[in-house]
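Colleague: If you scroll down you'll find the structure; I have some questions about it.
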Amino acid sequence: MTSASVVATLAQKELRALAPLFLATLALVPLCALGLEPGLMTIGLGVYVLGAAALGAQSIGHEFTYDTLGQLLAAPGSRTRLLTVKLLVLAGLLAILAAVAAVTLGPSVGSLFDVFIVIPALLAMCMAPVLTMVGKGAMAGTVFTVAVYAGLWLLIPGITSPSFPADVDIQFYAANMFWMAAAISGMAAVAGAVAFGRLESTGSPSGAWISPRRVSADAGPIASRSPRHPIGALLHKELRLQTVTLVVAGLYVLAWALVQFLGNSSQETIYAFEGGTLLYQITLAVLIGALASAEERGLGTLHWQTLQPYAAWKQWTVKTATALALSVLLVVALPGVLRAIGADAVEGFAIGLHFAISFVWSMRIEHAWFFAAALLTLTTIGLFTSSFNRSSLHALVTAGLLGVICAFAVRTAFTSGRRAVWTVLDLNAFYRSVSQRGGDLTWVFDDFALADRITLAAIVVATIGFLLILVTMGLKNHRSAETPRALVTRQVVTLLAYGVVGGLVTGGGQSLVPYFLITH
């Protein structure tokens, strides 16, 4: 083969490896921007930061995921050419992603374009690959790259202006953050080139988070150990699969401790920590579910689990219970506990954001319980996507994409159902007539409360049904190490159909219930 054909083949391989992650992120960012709500715009920025970091980590990480690093390093040709092709393909995809983010999310960031758009792409280009090589996995590279970006947000105000003036110059902080990120990225690029030149293949992707000494020690006196209860052994296995989760939670606690230690109370630090808390909660909720089954597929141990003399549904139950328990403890409770201890940076933040969704003028589902339920729903969606993905990173992005699409489908169907009933019954004229006639047809506060409770109960029932379908489908996929694409496609279509029908029914019922209460 000629040199040009070799380069073309390498570029095609890189594009095929990065395409799923790139296309999913490219779809998620505009979807969040089209929501036209501040909350969705904030989530869109978080998706862009996370997607860019994941794309940079995947450029090296897919070699670890699919155990092709040995074949790549054994190919004839210089490693400089291999790394150059990888970085050129990555740079092109990051440029497209940054351009889309600039068009869709640019108006919301205003003068902080460099901070929100340029710096994440710069870190993904230069830092994510070297962190992936150090952590021997795409998930490790993604986690630590996002941690570096969050660290810049927390440290720059304290470094550049420790006195915290009353009149804050946000442009001053942004400029310092950009140049600090540029310096770190330059050093990371040099370190990445050196690390790739010395990179070696161990022949197994499982060594990313496990010490070789521990592996050799565990392989010794296994026969002499007394057998453990199956549930205890499964629980221990599930917790070891969630190592990345524990690392992310540890980094969050470390950031909180740093803010407490420095006594940093500037508005910039508070906003950065609040935004970081929201990103932490949403990302970790999905990550916990995404790691549950996909890690076993990536390590090649899932087919061993299917041969164990223990029912598959019991194994899946332990996996689901462990994931939901970790989500409750680390995603829901941990930020609340840190606030209770007295962190100024999360004052008034409760369990994430003060979330409230208004379905109608009279109905509000208040922040704490709704947000906690939404986070557990994200964990369950992650569990489902991990049941048919070999890469936990792909499962993470697939869960985010599926969650956003389902949310838009349900919301659109809910609004359509409500408007349909409102139009058919001509409720505007009816309520106007009620207000003019008075008498027995009086709309009182108790009717408002009862209508809200009935609608809320219908939404809760529909959500529980959605979660049960997800868990059931996940169990079906988890029974086999290879899940057919046709089956997954049918499952996704079923979920979307359920969401649309459920949204239509609950939306129509939300308009029909007050009408029924007044007339009866």
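In the structure tokens, chains take letters A, B, ... by order of appearance, with residues numbered from 1 within each chain and ligands from 1 in the order shown.
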Neighbouring residues of A:Ala54 were defined as those with any atom within 8 Å, considering only C-alpha atoms; residues of the same chain fewer than 5 positions away were excluded. Please report them as a PyMOL selection string.
Modeller: chain A and resi 21+124+128+138-139+141-142+393
Colleague: I need the chosen residues saved as a tab-separated table (two decimals), in the first residue's frame, with all heavy atoms.
Modeller:
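Writing done, so here's result-v6.tsv:
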```
chain	number	residue	atom	x	y	z
A	21	LEU	N	-20.43	8.38	18.72
A	21	LEU	CA	-20.36	9.38	19.79
A	21	LEU	C	-20.53	10.79	19.24
A	21	LEU	O	-21.23	11.62	19.83
A	21	LEU	CB	-19.02	9.24	20.52
A	21	LEU	CG	-18.82	10.04	21.81
A	21	LEU	CD1	-19.86	9.64	22.83
A	21	LEU	CD2	-17.42	9.80	22.35
A	124	ALA	N	-10.35	18.89	25.13
A	124	ALA	CA	-10.65	17.60	24.50
A	124	ALA	C	-9.60	17.22	23.48
A	124	ALA	O	-9.26	16.04	23.32
A	124	ALA	CB	-12.03	17.66	23.84
A	128	ALA	N	-7.54	15.25	26.83
A	128	ALA	CA	-8.28	13.99	26.93
A	128	ALA	C	-7.48	12.79	26.44
A	128	ALA	O	-7.50	11.73	27.09
A	128	ALA	CB	-9.60	14.10	26.17
A	138	ALA	N	-11.43	5.04	27.93
A	138	ALA	CA	-12.08	6.28	27.49
A	138	ALA	C	-12.85	6.94	28.61
A	138	ALA	O	-12.91	8.17	28.70
A	138	ALA	CB	-13.01	5.97	26.31
A	139	MET	N	-13.45	6.12	29.50
A	139	MET	CA	-14.22	6.71	30.58
A	139	MET	C	-13.33	7.49	31.54
A	139	MET	O	-13.69	8.57	32.02
A	139	MET	CB	-14.98	5.62	31.33
A	139	MET	CG	-15.96	6.14	32.36
A	139	MET	SD	-17.25	7.20	31.63
A	139	MET	CE	-18.24	5.97	30.80
A	141	GLY	N	-10.47	8.98	30.76
A	141	GLY	CA	-10.10	10.22	30.09
A	141	GLY	C	-11.21	11.24	30.12
A	141	GLY	O	-10.96	12.44	30.33
A	142	THR	N	-12.45	10.80	29.92
A	142	THR	CA	-13.59	11.72	29.94
A	142	THR	C	-13.78	12.33	31.32
A	142	THR	O	-13.94	13.55	31.46
A	142	THR	CB	-14.86	10.98	29.51
A	142	THR	OG1	-14.68	10.40	28.22
A	142	THR	CG2	-16.04	11.92	29.46
A	393	LEU	N	-19.14	4.30	27.62
A	393	LEU	CA	-19.22	5.66	27.10
A	393	LEU	C	-20.33	5.78	26.06
A	393	LEU	O	-21.09	6.76	26.05
A	393	LEU	CB	-17.88	6.07	26.49
A	393	LEU	CG	-17.65	7.55	26.24
A	393	LEU	CD1	-17.82	8.35	27.52
A	393	LEU	CD2	-16.27	7.79	25.65
```
Colleague: Skip stretch 295-311 of chain A itself and residues of its chain fewer than 5 positions away, then list as a PyMOL selection string all residues within 9 Å of it, counting only C-alpha atoms.
Modeller: chain A and resi 65-66+204-206+230+241-242+290+316+386-392+478-482
Colleague: Would you mind exporting the chosen residues as a CSV table (one decimal), in the first residue's frame, restricted to N, CA, C and O atoms?
Modeller:
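Output contents, as saved in out.csv:
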```
chain,number,residue,atom,x,y,z
A,65,THR,N,-11.0,-0.1,24.4
A,65,THR,CA,-12.4,-0.7,24.5
A,65,THR,C,-12.5,-2.0,23.7
A,65,THR,O,-13.0,-3.0,24.1
A,66,TYR,N,-12.0,-1.9,22.4
A,66,TYR,CA,-12.1,-3.1,21.5
A,66,TYR,C,-10.9,-3.9,21.4
A,66,TYR,O,-10.8,-4.8,20.6
A,204,SER,N,-5.1,-6.6,27.5
A,204,SER,CA,-6.4,-6.7,28.2
A,204,SER,C,-6.9,-5.3,28.6
A,204,SER,O,-6.1,-4.6,29.1
A,205,PRO,N,-8.1,-4.9,28.3
A,205,PRO,CA,-8.6,-3.6,28.7
A,205,PRO,C,-9.0,-3.5,30.1
A,205,PRO,O,-9.4,-2.5,30.6
A,206,SER,N,-8.9,-4.6,30.9
A,206,SER,CA,-9.4,-4.7,32.3
A,206,SER,C,-8.4,-4.1,33.3
A,206,SER,O,-8.7,-4.0,34.4
A,230,PRO,N,-24.4,-15.9,47.1
A,230,PRO,CA,-24.5,-15.3,45.8
A,230,PRO,C,-24.8,-13.8,45.7
A,230,PRO,O,-24.2,-13.1,44.9
A,241,LEU,N,-17.6,-2.7,39.6
A,241,LEU,CA,-17.8,-2.2,38.3
A,241,LEU,C,-18.1,-0.6,38.3
A,241,LEU,O,-17.9,0.0,37.3
A,242,GLN,N,-18.4,-0.1,39.5
A,242,GLN,CA,-18.8,1.3,39.6
A,242,GLN,C,-17.6,2.1,40.2
A,242,GLN,O,-17.8,3.2,40.8
A,290,ALA,N,-25.1,3.4,33.1
A,290,ALA,CA,-24.4,3.0,31.9
A,290,ALA,C,-23.3,2.1,32.2
A,290,ALA,O,-22.9,1.2,31.4
A,316,TRP,N,-30.0,-9.6,37.6
A,316,TRP,CA,-30.4,-8.3,37.1
A,316,TRP,C,-31.1,-7.4,38.2
A,316,TRP,O,-30.9,-6.2,38.3
A,386,SER,N,-27.2,0.4,28.8
A,386,SER,CA,-26.0,-0.4,29.0
A,386,SER,C,-26.2,-1.9,28.7
A,386,SER,O,-25.3,-2.6,28.5
A,387,SER,N,-27.5,-2.3,28.6
A,387,SER,CA,-27.8,-3.7,28.4
A,387,SER,C,-27.6,-4.1,26.9
A,387,SER,O,-27.6,-5.3,26.6
A,388,PHE,N,-27.3,-3.1,26.0
A,388,PHE,CA,-27.1,-3.5,24.6
A,388,PHE,C,-25.8,-2.8,24.1
A,388,PHE,O,-25.6,-2.8,22.9
A,389,ASN,N,-25.0,-2.1,24.9
A,389,ASN,CA,-23.8,-1.4,24.5
A,389,ASN,C,-22.6,-2.1,25.1
A,389,ASN,O,-22.6,-2.5,26.3
A,390,ARG,N,-21.6,-2.2,24.3
A,390,ARG,CA,-20.3,-2.8,24.8
A,390,ARG,C,-19.5,-1.8,25.5
A,390,ARG,O,-18.7,-2.1,26.4
A,391,SER,N,-19.6,-0.5,25.1
A,391,SER,CA,-18.8,0.6,25.7
A,391,SER,C,-19.7,1.4,26.6
A,391,SER,O,-20.8,1.8,26.3
A,392,SER,N,-19.2,1.6,27.8
A,392,SER,CA,-20.0,2.4,28.8
A,392,SER,C,-20.1,3.8,28.4
A,392,SER,O,-21.1,4.5,28.7
A,478,HIS,N,-29.9,-8.3,28.8
A,478,HIS,CA,-28.8,-8.7,29.6
A,478,HIS,C,-28.7,-10.3,29.6
A,478,HIS,O,-27.6,-10.8,30.0
A,479,ARG,N,-29.7,-11.0,29.2
A,479,ARG,CA,-29.6,-12.4,29.2
A,479,ARG,C,-28.6,-13.0,28.2
A,479,ARG,O,-28.1,-14.1,28.3
A,480,SER,N,-28.2,-12.1,27.2
A,480,SER,CA,-27.3,-12.6,26.1
A,480,SER,C,-26.2,-11.5,26.0
A,480,SER,O,-26.4,-10.3,26.2
A,481,ALA,N,-25.0,-12.0,25.7
A,481,ALA,CA,-23.9,-11.2,25.5
A,481,ALA,C,-24.0,-10.4,24.2
A,481,ALA,O,-23.3,-9.4,24.0
A,482,GLU,N,-24.8,-10.9,23.3
A,482,GLU,CA,-25.0,-10.2,22.0
A,482,GLU,C,-26.4,-9.9,21.8
A,482,GLU,O,-27.3,-10.8,21.8
```
Colleague: Looking at A:Leu69, A:Ala462, A:Pro129, A:Ser59, which one is nearest to A:Val500, with distances taken over only C-alpha atoms?
Modeller: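 Distance minimum relative to A:Val500 lands on A:Ala462.
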Colleague: Rounded to one decimal, what separation in Å do you get between atom CA of A:Leu97 and atom CA of A:Gly276?
Modeller: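 Result for atom CA of A:Leu97 versus atom CA of A:Gly276: 21.5 Å, one decimal.
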Colleague: Any chance you could tabulate, as a Markdown table, the residues of stretch 483-513 of chain A at most 8 Å from stretch 399-416 of chain A with each one's nearest atom pair and distance in Å to one decimal, using only C-alpha atoms, in chain and rising number order?
Modeller:
```
| residue | atom | partner | partner_atom | distance |
| --- | --- | --- | --- | --- |
| A:Leu495 | CA | A:Cys406 | CA | 8.0 |
| A:Leu496 | CA | A:Cys406 | CA | 6.2 |
| A:Gly499 | CA | A:Val410 | CA | 5.3 |
| A:Val500 | CA | A:Ala413 | CA | 5.3 |
| A:Val501 | CA | A:Ala413 | CA | 7.4 |
| A:Gly502 | CA | A:Val410 | CA | 7.4 |
| A:Gly503 | CA | A:Phe414 | CA | 4.2 |
| A:Leu504 | CA | A:Ala413 | CA | 4.9 |
| A:Val505 | CA | A:Phe414 | CA | 7.5 |
| A:Thr506 | CA | A:Phe414 | CA | 6.5 |
| A:Gly507 | CA | A:Phe414 | CA | 4.2 |
| A:Gly508 | CA | A:Phe414 | CA | 7.3 |
```
Colleague: Could you write those residues out with all heavy atoms, as a PDB file, in the first residue's frame?
Modeller:
```pdb
ATOM      1  N   LEU A 495     -40.794   2.209  23.435  1.00  0.00           N
ATOM      2  CA  LEU A 495     -40.682   3.220  24.489  1.00  0.00           C
ATOM      3  C   LEU A 495     -41.228   4.569  24.024  1.00  0.00           C
ATOM      4  O   LEU A 495     -41.957   5.248  24.775  1.00  0.00           O
ATOM      5  CB  LEU A 495     -39.221   3.359  24.920  1.00  0.00           C
ATOM      6  CG  LEU A 495     -38.615   2.173  25.669  1.00  0.00           C
ATOM      7  CD1 LEU A 495     -37.129   2.398  25.888  1.00  0.00           C
ATOM      8  CD2 LEU A 495     -39.311   1.971  27.008  1.00  0.00           C
ATOM      9  N   LEU A 496     -40.886   4.964  22.814  1.00  0.00           N
ATOM     10  CA  LEU A 496     -41.378   6.236  22.299  1.00  0.00           C
ATOM     11  C   LEU A 496     -42.898   6.203  22.122  1.00  0.00           C
ATOM     12  O   LEU A 496     -43.592   7.188  22.428  1.00  0.00           O
ATOM     13  CB  LEU A 496     -40.700   6.554  20.968  1.00  0.00           C
ATOM     14  CG  LEU A 496     -39.214   6.909  21.052  1.00  0.00           C
ATOM     15  CD1 LEU A 496     -38.639   7.107  19.647  1.00  0.00           C
ATOM     16  CD2 LEU A 496     -38.991   8.152  21.895  1.00  0.00           C
ATOM     17  N   GLY A 499     -44.467   6.573  25.473  1.00  0.00           N
ATOM     18  CA  GLY A 499     -44.394   7.951  25.931  1.00  0.00           C
ATOM     19  C   GLY A 499     -45.400   8.847  25.253  1.00  0.00           C
ATOM     20  O   GLY A 499     -46.029   9.702  25.897  1.00  0.00           O
ATOM     21  N   VAL A 500     -45.583   8.669  23.944  1.00  0.00           N
ATOM     22  CA  VAL A 500     -46.543   9.497  23.206  1.00  0.00           C
ATOM     23  C   VAL A 500     -47.967   9.216  23.671  1.00  0.00           C
ATOM     24  O   VAL A 500     -48.741  10.144  23.944  1.00  0.00           O
ATOM     25  CB  VAL A 500     -46.392   9.252  21.695  1.00  0.00           C
ATOM     26  CG1 VAL A 500     -47.530   9.909  20.932  1.00  0.00           C
ATOM     27  CG2 VAL A 500     -45.045   9.785  21.205  1.00  0.00           C
ATOM     28  N   VAL A 501     -48.321   7.937  23.790  1.00  0.00           N
ATOM     29  CA  VAL A 501     -49.678   7.590  24.231  1.00  0.00           C
ATOM     30  C   VAL A 501     -49.911   8.060  25.664  1.00  0.00           C
ATOM     31  O   VAL A 501     -50.965   8.638  25.982  1.00  0.00           O
ATOM     32  CB  VAL A 501     -49.902   6.069  24.110  1.00  0.00           C
ATOM     33  CG1 VAL A 501     -51.239   5.672  24.722  1.00  0.00           C
ATOM     34  CG2 VAL A 501     -49.854   5.637  22.653  1.00  0.00           C
ATOM     35  N   GLY A 502     -48.913   7.827  26.529  1.00  0.00           N
ATOM     36  CA  GLY A 502     -49.052   8.279  27.907  1.00  0.00           C
ATOM     37  C   GLY A 502     -49.183   9.789  28.002  1.00  0.00           C
ATOM     38  O   GLY A 502     -49.982  10.316  28.803  1.00  0.00           O
ATOM     39  N   GLY A 503     -48.404  10.521  27.186  1.00  0.00           N
ATOM     40  CA  GLY A 503     -48.513  11.974  27.197  1.00  0.00           C
ATOM     41  C   GLY A 503     -49.864  12.457  26.715  1.00  0.00           C
ATOM     42  O   GLY A 503     -50.449  13.395  27.279  1.00  0.00           O
ATOM     43  N   LEU A 504     -50.390  11.833  25.659  1.00  0.00           N
ATOM     44  CA  LEU A 504     -51.711  12.215  25.161  1.00  0.00           C
ATOM     45  C   LEU A 504     -52.796  11.976  26.205  1.00  0.00           C
ATOM     46  O   LEU A 504     -53.674  12.817  26.419  1.00  0.00           O
ATOM     47  CB  LEU A 504     -52.026  11.430  23.888  1.00  0.00           C
ATOM     48  CG  LEU A 504     -51.279  11.834  22.616  1.00  0.00           C
ATOM     49  CD1 LEU A 504     -51.556  10.841  21.504  1.00  0.00           C
ATOM     50  CD2 LEU A 504     -51.657  13.247  22.188  1.00  0.00           C
ATOM     51  N   VAL A 505     -52.733  10.803  26.863  1.00  0.00           N
ATOM     52  CA  VAL A 505     -53.766  10.456  27.847  1.00  0.00           C
ATOM     53  C   VAL A 505     -53.708  11.398  29.048  1.00  0.00           C
ATOM     54  O   VAL A 505     -54.728  11.935  29.488  1.00  0.00           O
ATOM     55  CB  VAL A 505     -53.610   8.992  28.278  1.00  0.00           C
ATOM     56  CG1 VAL A 505     -54.542   8.677  29.443  1.00  0.00           C
ATOM     57  CG2 VAL A 505     -53.887   8.063  27.105  1.00  0.00           C
ATOM     58  N   THR A 506     -52.513  11.580  29.606  1.00  0.00           N
ATOM     59  CA  THR A 506     -52.406  12.443  30.785  1.00  0.00           C
ATOM     60  C   THR A 506     -52.693  13.901  30.434  1.00  0.00           C
ATOM     61  O   THR A 506     -53.302  14.632  31.221  1.00  0.00           O
ATOM     62  CB  THR A 506     -51.013  12.329  31.413  1.00  0.00           C
ATOM     63  OG1 THR A 506     -50.012  12.571  30.402  1.00  0.00           O
ATOM     64  CG2 THR A 506     -50.795  10.961  32.003  1.00  0.00           C
ATOM     65  N   GLY A 507     -52.247  14.350  29.251  1.00  0.00           N
ATOM     66  CA  GLY A 507     -52.543  15.723  28.846  1.00  0.00           C
ATOM     67  C   GLY A 507     -54.023  15.954  28.644  1.00  0.00           C
ATOM     68  O   GLY A 507     -54.572  16.977  29.085  1.00  0.00           O
ATOM     69  N   GLY A 508     -54.683  15.002  27.964  1.00  0.00           N
ATOM     70  CA  GLY A 508     -56.128  15.127  27.803  1.00  0.00           C
ATOM     71  C   GLY A 508     -56.861  15.032  29.127  1.00  0.00           C
ATOM     72  O   GLY A 508     -57.815  15.779  29.387  1.00  0.00           O
TER      73      GLY A 508
END
```
Colleague: May I ask which of the residues A:Trp153, A:Tyr280, A:Phe196, A:Phe384 is the closest one to A:Asn176, counting only C-alpha atoms?
Modeller: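 Under the stated criterion, the closest residue is A:Trp153.
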Colleague: Leaving out A:Pro120 and any residue of its chain fewer than 6 positions from it, which residues lie within 12 Å of it when counting only C-alpha atoms, given as a PyMOL selection string?
Modeller: chain A and resi 45-56+94-95+97-98+101+113-114+126-128+142+145-150+152-153+177-178+181-182+185
Colleague: Let me make sure I understand: among A:Phe172, A:Leu378, A:Ser5, A:Val259, which one has the smallest atom-to-atom distance to A:Ser111 if we use only C-alpha atoms?
Modeller: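 Ranking A:Phe172, A:Leu378, A:Ser5, A:Val259 by distance to A:Ser111, first place goes to A:Phe172.
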Colleague: Mind pulling up the distance from atom CA of A:Phe261 to atom CA of A:Ile156?
Modeller: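 About the pair atom CA of A:Ile156 and atom CA of A:Phe261: they are 15.3 Å apart.
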Colleague: With distances taken over only C-alpha atoms, which of A:Trp422, A:Leu26, A:Thr455, A:Leu383 is nearest to A:Met473?
Modeller: A:Leu383
Colleague: With distances taken over only C-alpha atoms, which residue among A:Val493, A:Leu93, A:Ile282, A:Leu324 lies nearest A:Gly44?
Modeller: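 Closest residue, counting only C-alpha atoms: A:Ile282.
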